[in-house]
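**Q** Dropping in start.txt, with compact mmCIF, C-alpha atoms.
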# COMPACT_ATOMS: atom_id res chain seq x y z
CA MET A 204 -34.30 -49.30 -4.69
CA SER A 205 -33.78 -51.87 -7.45
CA PRO A 206 -32.62 -55.39 -6.55
CA GLU A 207 -29.48 -54.72 -8.61
CA ARG A 208 -28.68 -51.66 -6.50
CA ASP A 209 -29.34 -53.64 -3.30
CA ARG A 210 -26.92 -56.32 -4.52
CA TYR A 211 -24.34 -53.67 -5.32
CA PHE A 212 -24.40 -52.30 -1.75
CA LEU A 213 -24.47 -55.77 -0.17
CA LYS A 214 -21.41 -56.66 -2.23
CA ILE A 215 -19.54 -53.62 -0.91
CA ALA A 216 -20.43 -54.64 2.66
CA ALA A 217 -19.14 -58.17 1.96
CA GLU A 218 -15.88 -56.87 0.50
CA LEU A 219 -15.29 -54.75 3.61
CA ALA A 220 -15.96 -57.78 5.80
CA ILE A 221 -13.59 -60.00 3.80
CA GLN A 222 -10.88 -57.40 4.36
CA ASN A 223 -11.83 -57.25 8.07
CA VAL A 224 -11.30 -60.99 8.48
CA LYS A 225 -8.04 -60.93 6.53
CA GLU A 226 -6.75 -58.15 8.81
CA ASN A 227 -7.79 -60.09 11.97
CA LYS A 228 -10.00 -57.30 13.21
CA GLY A 229 -13.00 -59.46 14.08
CA GLY A 230 -15.77 -61.70 12.82
CA PRO A 231 -17.02 -62.12 9.22
CA PHE A 232 -19.67 -59.42 9.22
CA GLY A 233 -19.96 -56.06 7.47
CA ALA A 234 -22.62 -53.37 7.19
CA ILE A 235 -23.08 -50.13 5.31
CA ILE A 236 -25.65 -47.38 5.68
CA VAL A 237 -27.01 -45.66 2.60
CA LYS A 238 -29.02 -42.47 2.30
CA ASP A 239 -30.07 -40.88 -1.01
CA ASP A 240 -28.08 -43.56 -2.83
CA GLN A 241 -24.87 -42.50 -1.04
CA ILE A 242 -22.88 -44.52 1.50
CA ILE A 243 -23.04 -42.56 4.78
CA ALA A 244 -21.09 -44.96 6.98
CA THR A 245 -19.64 -48.46 7.17
CA GLY A 246 -18.91 -50.87 9.99
CA CYS A 247 -17.33 -54.27 10.43
CA ASN A 248 -17.32 -56.60 13.39
CA CYS A 249 -14.40 -55.59 15.65
CA VAL A 250 -15.38 -57.39 18.89
CA SER A 251 -12.02 -59.08 19.41
CA SER A 252 -9.75 -56.22 18.28
CA ALA A 253 -11.69 -53.50 20.18
CA ASN A 254 -12.49 -55.65 23.24
CA ASP A 255 -16.11 -54.64 22.80
CA PRO A 256 -18.75 -57.39 22.65
CA THR A 257 -21.24 -54.84 21.25
CA ALA A 258 -19.00 -53.93 18.30
CA HIS A 259 -20.92 -55.96 15.72
CA ALA A 260 -21.02 -54.67 12.15
CA GLU A 261 -24.52 -53.17 12.31
CA VAL A 262 -24.01 -51.51 15.71
CA THR A 263 -20.69 -50.06 14.54
CA ALA A 264 -22.19 -48.79 11.27
CA ILE A 265 -25.17 -47.24 13.11
CA ARG A 266 -22.86 -45.47 15.56
CA ASN A 267 -20.70 -44.18 12.72
CA ALA A 268 -23.69 -43.01 10.68
CA CYS A 269 -25.24 -41.20 13.65
CA GLN A 270 -21.98 -39.41 14.38
CA LYS A 271 -21.74 -38.37 10.75
CA LEU A 272 -25.35 -37.18 10.51
CA ASP A 273 -25.29 -35.68 14.02
CA THR A 274 -28.51 -37.38 15.06
CA PHE A 275 -29.73 -40.48 16.89
CA GLN A 276 -32.25 -41.42 14.16
CA LEU A 277 -31.46 -42.90 10.74
CA THR A 278 -34.62 -41.66 9.04
CA ASP A 279 -34.71 -42.42 5.28
CA CYS A 280 -31.61 -44.60 5.51
CA THR A 281 -31.15 -48.22 4.40
CA ILE A 282 -28.97 -50.58 6.41
CA TYR A 283 -27.21 -53.27 4.37
CA SER A 284 -25.74 -56.14 6.33
CA THR A 285 -23.88 -59.21 5.09
CA CYS A 286 -25.88 -61.31 7.57
CA GLU A 287 -29.27 -61.34 9.28
CA PRO A 288 -28.88 -59.22 12.42
CA CYS A 289 -28.55 -60.92 15.81
CA PRO A 290 -31.08 -59.77 18.46
CA MET A 291 -28.69 -57.08 19.71
CA CYS A 292 -28.22 -55.64 16.22
CA LEU A 293 -31.90 -55.99 15.33
CA GLY A 294 -32.75 -54.08 18.51
CA ALA A 295 -30.19 -51.40 17.59
CA ILE A 296 -31.75 -51.12 14.13
CA TYR A 297 -35.22 -50.64 15.63
CA TRP A 298 -33.94 -47.91 17.96
CA ALA A 299 -32.20 -46.17 15.02
CA ARG A 300 -35.41 -46.37 12.94
CA PRO A 301 -34.06 -46.61 9.37
CA GLN A 302 -36.41 -46.96 6.42
CA ARG A 303 -35.18 -50.37 5.27
CA LEU A 304 -32.98 -53.32 6.16
CA VAL A 305 -31.41 -55.63 3.56
CA PHE A 306 -29.25 -58.61 4.48
CA ALA A 307 -27.58 -61.55 2.70
CA SER A 308 -26.75 -64.65 4.83
CA THR A 309 -29.33 -65.84 7.35
CA LYS A 310 -29.06 -66.60 11.07
CA LYS A 311 -29.09 -70.30 10.19
CA ASP A 312 -26.04 -69.77 7.96
CA ALA A 313 -24.37 -67.94 10.89
CA ALA A 314 -25.17 -70.80 13.27
CA LYS A 315 -23.45 -73.23 10.88
CA ILE A 316 -20.12 -71.41 11.27
CA GLY A 317 -20.45 -71.21 15.05
CA PHE A 318 -22.26 -67.95 15.87
CA ASP A 319 -24.69 -67.94 18.79
CA ASP A 320 -27.43 -65.77 17.27
CA ASP A 321 -29.99 -68.54 17.11
CA PHE A 322 -29.36 -69.43 20.77
CA ILE A 323 -29.93 -65.79 21.80
CA TYR A 324 -33.14 -65.64 19.72
CA GLN A 325 -34.39 -68.64 21.69
CA GLU A 326 -33.35 -67.26 25.09
CA ILE A 327 -35.20 -63.96 24.54
CA ASN A 328 -38.51 -65.80 24.45
CA LEU A 329 -37.96 -67.79 27.63
CA PRO A 330 -39.31 -66.70 31.02
CA ILE A 331 -36.42 -65.17 32.96
CA GLU A 332 -36.29 -68.08 35.41
CA ASN A 333 -35.53 -70.51 32.55
CA ARG A 334 -32.68 -68.59 30.95
CA LYS A 335 -29.08 -69.79 30.76
CA ILE A 336 -27.78 -66.56 32.31
CA SER A 337 -29.17 -66.48 35.88
CA THR A 338 -31.67 -63.59 35.95
CA SER A 339 -33.59 -62.01 38.84
CA GLN A 340 -36.11 -59.21 39.11
CA ILE A 341 -36.20 -57.18 42.36
CA ASN A 342 -38.44 -54.19 43.00
CA ILE A 343 -36.81 -51.15 44.58
CA PRO A 344 -38.56 -47.83 45.31
CA GLU A 345 -35.77 -45.82 43.67
CA ALA A 346 -36.56 -47.41 40.28
CA GLU A 347 -40.17 -46.25 40.55
CA GLU A 348 -38.99 -42.78 41.54
CA LEU A 349 -36.70 -42.76 38.48
CA PHE A 350 -39.54 -43.51 36.04
CA LYS A 351 -41.78 -40.93 37.74
CA LEU A 352 -39.02 -38.34 37.38
CA TRP A 353 -38.88 -39.04 33.63
CA LYS A 354 -42.65 -39.07 33.21
CA ASP A 355 -42.96 -35.66 34.88
CA LYS A 356 -39.90 -34.08 33.24
CA TYR A 357 -41.04 -31.13 31.14
CA ASP A 358 -37.86 -30.69 29.06
CA LYS A 359 -37.03 -34.31 28.24
CA VAL A 360 -35.58 -35.29 24.88
CA GLU A 361 -37.51 -38.36 23.72
CA TYR A 362 -35.74 -40.85 21.50
CA MET B 231 -25.07 -62.74 46.45
CA SER B 232 -27.66 -61.89 49.13
CA PRO B 233 -30.89 -60.09 48.14
CA GLU B 234 -29.80 -57.20 50.38
CA ARG B 235 -26.54 -56.85 48.44
CA ASP B 236 -28.44 -57.05 45.13
CA ARG B 237 -30.75 -54.25 46.35
CA TYR B 238 -27.73 -52.20 47.38
CA PHE B 239 -26.22 -52.36 43.88
CA LEU B 240 -29.57 -51.75 42.15
CA LYS B 241 -30.03 -48.66 44.30
CA ILE B 242 -26.65 -47.30 43.21
CA ALA B 243 -27.64 -47.85 39.56
CA ALA B 244 -30.92 -46.00 40.18
CA GLU B 245 -29.17 -43.08 41.84
CA LEU B 246 -26.82 -42.75 38.86
CA ALA B 247 -29.81 -42.80 36.51
CA ILE B 248 -31.69 -40.16 38.53
CA GLN B 249 -28.64 -37.91 38.21
CA ASN B 250 -28.48 -38.73 34.46
CA VAL B 251 -32.05 -37.55 33.92
CA LYS B 252 -31.53 -34.43 36.03
CA GLU B 253 -28.47 -33.55 33.93
CA ASN B 254 -30.40 -34.10 30.66
CA LYS B 255 -27.96 -36.72 29.41
CA GLY B 256 -30.56 -39.25 28.32
CA GLY B 257 -33.31 -41.64 29.36
CA PRO B 258 -34.10 -42.96 32.86
CA PHE B 259 -31.90 -46.03 32.85
CA GLY B 260 -28.72 -46.97 34.71
CA ALA B 261 -26.55 -50.05 34.99
CA ILE B 262 -23.52 -51.15 36.95
CA ILE B 263 -21.22 -54.13 36.58
CA VAL B 264 -19.92 -55.89 39.67
CA LYS B 265 -17.13 -58.44 39.99
CA ASP B 266 -15.91 -59.87 43.31
CA ASP B 267 -18.30 -57.53 45.11
CA GLN B 268 -16.62 -54.47 43.53
CA ILE B 269 -18.14 -52.07 41.01
CA ILE B 270 -16.08 -52.43 37.81
CA ALA B 271 -18.01 -50.01 35.61
CA THR B 272 -21.20 -47.98 35.34
CA GLY B 273 -23.32 -46.73 32.46
CA CYS B 274 -26.37 -44.56 31.97
CA ASN B 275 -28.51 -44.03 28.92
CA CYS B 276 -26.92 -41.26 26.83
CA VAL B 277 -28.71 -41.76 23.50
CA SER B 278 -29.76 -38.13 23.07
CA SER B 279 -26.61 -36.45 24.40
CA ALA B 280 -24.18 -38.75 22.55
CA ASN B 281 -26.29 -39.05 19.36
CA ASP B 282 -25.95 -42.80 19.66
CA PRO B 283 -29.12 -44.92 19.57
CA THR B 284 -27.11 -47.86 20.94
CA ALA B 285 -25.94 -45.95 24.04
CA HIS B 286 -28.39 -47.60 26.43
CA ALA B 287 -27.31 -48.06 30.05
CA GLU B 288 -26.42 -51.75 29.80
CA VAL B 289 -24.54 -51.40 26.49
CA THR B 290 -22.60 -48.43 27.88
CA ALA B 291 -21.76 -50.25 31.12
CA ILE B 292 -20.67 -53.39 29.21
CA ARG B 293 -18.41 -51.35 26.95
CA ASN B 294 -16.91 -49.53 29.93
CA ALA B 295 -16.36 -52.77 31.88
CA CYS B 296 -14.70 -54.48 28.91
CA GLN B 297 -12.35 -51.54 28.42
CA LYS B 298 -11.46 -51.64 32.10
CA LEU B 299 -10.93 -55.42 32.20
CA ASP B 300 -9.27 -55.47 28.76
CA THR B 301 -11.43 -58.30 27.50
CA PHE B 302 -14.61 -58.89 25.49
CA GLN B 303 -16.08 -61.31 28.05
CA LEU B 304 -17.56 -60.41 31.45
CA THR B 305 -16.97 -63.82 33.04
CA ASP B 306 -17.91 -63.92 36.77
CA CYS B 307 -19.53 -60.48 36.59
CA THR B 308 -23.06 -59.47 37.58
CA ILE B 309 -24.93 -56.82 35.58
CA TYR B 310 -27.36 -54.70 37.60
CA SER B 311 -29.84 -52.68 35.58
CA THR B 312 -32.61 -50.36 36.77
CA CYS B 313 -34.90 -51.89 34.12
CA GLU B 314 -35.42 -55.15 32.26
CA PRO B 315 -33.12 -55.00 29.23
CA CYS B 316 -34.57 -54.24 25.80
CA PRO B 317 -33.73 -56.82 23.08
CA MET B 318 -30.63 -54.87 22.05
CA CYS B 319 -29.30 -54.82 25.61
CA LEU B 320 -30.31 -58.41 26.31
CA GLY B 321 -28.43 -59.43 23.17
CA ALA B 322 -25.39 -57.42 24.31
CA ILE B 323 -25.56 -59.16 27.71
CA TYR B 324 -25.61 -62.59 26.07
CA TRP B 325 -22.59 -61.70 23.92
CA ALA B 326 -20.72 -60.40 27.01
CA ARG B 327 -21.55 -63.62 28.91
CA PRO B 328 -21.74 -62.40 32.52
CA GLN B 329 -22.61 -64.77 35.36
CA ARG B 330 -25.82 -63.02 36.43
CA LEU B 331 -28.30 -60.30 35.53
CA VAL B 332 -30.42 -58.46 38.11
CA PHE B 333 -32.97 -55.80 37.16
CA ALA B 334 -35.67 -53.73 38.90
CA SER B 335 -38.46 -52.28 36.68
CA THR B 336 -39.96 -54.51 34.00
CA LYS B 337 -40.47 -53.97 30.25
CA LYS B 338 -44.15 -53.40 30.98
CA ASP B 339 -43.23 -50.59 33.38
CA ALA B 340 -41.01 -49.12 30.62
CA ALA B 341 -43.84 -49.32 28.07
CA LYS B 342 -46.06 -47.30 30.44
CA ILE B 343 -43.67 -44.33 30.29
CA GLY B 344 -43.35 -44.53 26.51
CA PHE B 345 -40.43 -46.84 25.73
CA ASP B 346 -40.67 -49.11 22.70
CA ASP B 347 -39.09 -52.24 24.20
CA ASP B 348 -42.26 -54.29 24.12
CA PHE B 349 -42.86 -53.38 20.47
CA ILE B 350 -39.33 -54.52 19.57
CA TYR B 351 -39.81 -57.79 21.49
CA GLN B 352 -42.89 -58.43 19.34
CA GLU B 353 -41.19 -57.50 16.05
CA ILE B 354 -38.29 -59.92 16.64
CA ASN B 355 -40.67 -62.87 16.50
CA LEU B 356 -42.37 -61.86 13.27
CA PRO B 357 -41.35 -63.26 9.88
CA ILE B 358 -39.28 -60.58 8.13
CA GLU B 359 -42.01 -59.86 5.58
CA ASN B 360 -44.39 -58.79 8.38
CA ARG B 361 -42.08 -56.38 10.18
CA LYS B 362 -42.67 -52.65 10.49
CA ILE B 363 -39.20 -51.86 9.13
CA SER B 364 -39.19 -53.09 5.52
CA THR B 365 -36.77 -56.06 5.44
CA SER B 366 -35.40 -58.11 2.53
CA GLN B 367 -33.06 -61.06 2.25
CA ILE B 368 -30.93 -61.36 -0.90
CA ASN B 369 -28.32 -64.05 -1.54
CA ILE B 370 -24.99 -62.90 -2.92
CA PRO B 371 -21.98 -65.17 -3.63
CA GLU B 372 -19.61 -62.82 -1.74
CA ALA B 373 -21.47 -63.47 1.53
CA GLU B 374 -20.92 -67.22 1.13
CA GLU B 375 -17.26 -66.60 0.32
CA LEU B 376 -16.99 -64.49 3.50
CA PHE B 377 -18.34 -67.26 5.77
CA LYS B 378 -16.10 -69.83 4.08
CA LEU B 379 -13.09 -67.56 4.67
CA TRP B 380 -13.95 -67.45 8.40
CA LYS B 381 -14.63 -71.18 8.64
CA ASP B 382 -11.25 -72.01 7.08
CA LYS B 383 -9.25 -69.33 8.92
CA TYR B 384 -6.64 -71.05 11.08
CA ASP B 385 -5.80 -68.09 13.34
CA LYS B 386 -9.25 -66.68 14.03
CA VAL B 387 -10.12 -65.20 17.44
CA GLU B 388 -13.52 -66.66 18.39
CA TYR B 389 -15.80 -64.59 20.58
Before we go any further, please render this structure as structure tokens.

**A**
Amino acid sequence: MSPERDRYFLKIAAELAIQNVKENKGGPFGAIIVKDDQIIATGCNCVSSANDPTAHAEVTAIRNACQKLDTFQLTDCTIYSTCEPCPMCLGAIYWARPQRLVFASTKKDAAKIGFDDDFIYQEINLPIENRKISTSQINIPEAEELFKLWKDKYDKVEY
Amino acid sequence: MSPERDRYFLKIAAELAIQNVKENKGGPFGAIIVKDDQIIATGCNCVSSANDPTAHAEVTAIRNACQKLDTFQLTDCTIYSTCEPCPMCLGAIYWARPQRLVFASTKKDAAKIGFDDDFIYQEINLPIENRKISTSQINIPEAEELFKLWKDKYDKVEY
């Protein structure tokens, strides 16, 4: 994809996000998903209007694209996002396995207008006992049984 | 919360996940959300049955709990998960801001039965030019305009 074409799609994502903010639907973030030079799906942050803390632009666009394509993998797709993905969205992108990711603003730009991404990036690398959200690990036999069940399952759908 | 009570809730999450695998709905992961010693919501991995790569147990449980409580914040809640959250789910947990997180199996246990979590944890820390999913950053003026719009918005709902 040419840089001009990348800019074209990023600009569309930004225009959607500008509209999203003006309509009070959520934060200033937009994403679009492109396959074969066509827009498959779009998504804007709608955390506050949908009461869904996972409804970031990239997650929403991925969900919409997967519904449209009837699959849980975005093979050969490009995800355009107006901002560098937070850890949640970056994780979602890795699980969706697109071909490319292109973003505009960085996580440092997001931090400057009050978004926690950089804090979450730091927390992820801390040992669980040092994290701000109190975290404990407890072994239970049922969790081992659960993983064994999956390992031995002959008709599982891997993802 | 006593360790016995934590084990009790983890066991319920594991039993839900065992049922989930038996019914072919998705991977071997379950989560429940508890507030005031009551189960508010549950979630199991339904990536393959819902065609949604973001439908991990914790994300699903968070979404269900937020719908039930009519809010985008899980203040004073505990999230119980049968497994250490992947980066996507850990990010979702940080955005939902619960009081506590308790999990059973670790990401290393998950890697042993074929789940990519550990790979994604490694990718997050790489510079974007070294990541397995091709990633580019491109500045566009519309993305700056978008952040300025948010910064100056007098009636924004912060999350």

**Q** Taking only C-alpha atoms into account, which residues of chain A are within 6 Å of chain B, as an MDAnalysis selection string?

**A** chainID A and resid 217 221 254:257 266 274:275 290:291 294:295 298:299 303:307 336:342 345:346 349

**Q** May I have the selected residues written with C-alpha atoms, as a PDB file, in the frame of the given file?

**A**
ATOM      1  CA  ALA A 217     -19.140 -58.170   1.960  1.00  0.00           C
ATOM      2  CA  ILE A 221     -13.590 -60.000   3.800  1.00  0.00           C
ATOM      3  CA  ASN A 254     -12.490 -55.650  23.240  1.00  0.00           C
ATOM      4  CA  ASP A 255     -16.110 -54.640  22.800  1.00  0.00           C
ATOM      5  CA  PRO A 256     -18.750 -57.390  22.650  1.00  0.00           C
ATOM      6  CA  THR A 257     -21.240 -54.840  21.250  1.00  0.00           C
ATOM      7  CA  ARG A 266     -22.860 -45.470  15.560  1.00  0.00           C
ATOM      8  CA  THR A 274     -28.510 -37.380  15.060  1.00  0.00           C
ATOM      9  CA  PHE A 275     -29.730 -40.480  16.890  1.00  0.00           C
ATOM     10  CA  PRO A 290     -31.080 -59.770  18.460  1.00  0.00           C
ATOM     11  CA  MET A 291     -28.690 -57.080  19.710  1.00  0.00           C
ATOM     12  CA  GLY A 294     -32.750 -54.080  18.510  1.00  0.00           C
ATOM     13  CA  ALA A 295     -30.190 -51.400  17.590  1.00  0.00           C
ATOM     14  CA  TRP A 298     -33.940 -47.910  17.960  1.00  0.00           C
ATOM     15  CA  ALA A 299     -32.200 -46.170  15.020  1.00  0.00           C
ATOM     16  CA  ARG A 303     -35.180 -50.370   5.270  1.00  0.00           C
ATOM     17  CA  LEU A 304     -32.980 -53.320   6.160  1.00  0.00           C
ATOM     18  CA  VAL A 305     -31.410 -55.630   3.560  1.00  0.00           C
ATOM     19  CA  PHE A 306     -29.250 -58.610   4.480  1.00  0.00           C
ATOM     20  CA  ALA A 307     -27.580 -61.550   2.700  1.00  0.00           C
ATOM     21  CA  ILE A 336     -27.780 -66.560  32.310  1.00  0.00           C
ATOM     22  CA  SER A 337     -29.170 -66.480  35.880  1.00  0.00           C
ATOM     23  CA  THR A 338     -31.670 -63.590  35.950  1.00  0.00           C
ATOM     24  CA  SER A 339     -33.590 -62.010  38.840  1.00  0.00           C
ATOM     25  CA  GLN A 340     -36.110 -59.210  39.110  1.00  0.00           C
ATOM     26  CA  ILE A 341     -36.200 -57.180  42.360  1.00  0.00           C
ATOM     27  CA  ASN A 342     -38.440 -54.190  43.000  1.00  0.00           C
ATOM     28  CA  GLU A 345     -35.770 -45.820  43.670  1.00  0.00           C
ATOM     29  CA  ALA A 346     -36.560 -47.410  40.280  1.00  0.00           C
ATOM     30  CA  LEU A 349     -36.700 -42.760  38.480  1.00  0.00           C
TER      31      LEU A 349
END

**Q** Let me have the centre and edge lengths in Å, one decimal, of the box along x, y and z around every listed atom of region 286-289 of chain A with 3 Å of margin on each side, as JSON.

**A**
{"center_x": -27.6, "center_y": -60.3, "center_z": 11.7, "size_x": 9.4, "size_y": 8.1, "size_z": 14.2}

**Q** Quick one: pull the distance between CA of Asp267 (chain B) and CA of Asn333 (chain A), Å, one decimal.

**A**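 Going from CA of Asp267 (chain B) over to CA of Asn333 (chain A) covers 25.0 Å.
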
**Q** Could you state the separation of CA of Glu332 (chain A) and CA of Ile270 (chain B) in Å, given to one decimal place?

**A** 25.7 Å

**Q** In Å, how far is it from CA of Ile242 (chain A) to CA of Ala264 (chain A)?

**A**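 Separating CA of Ile242 (chain A) from CA of Ala264 (chain A) is a distance of 10.7 Å.
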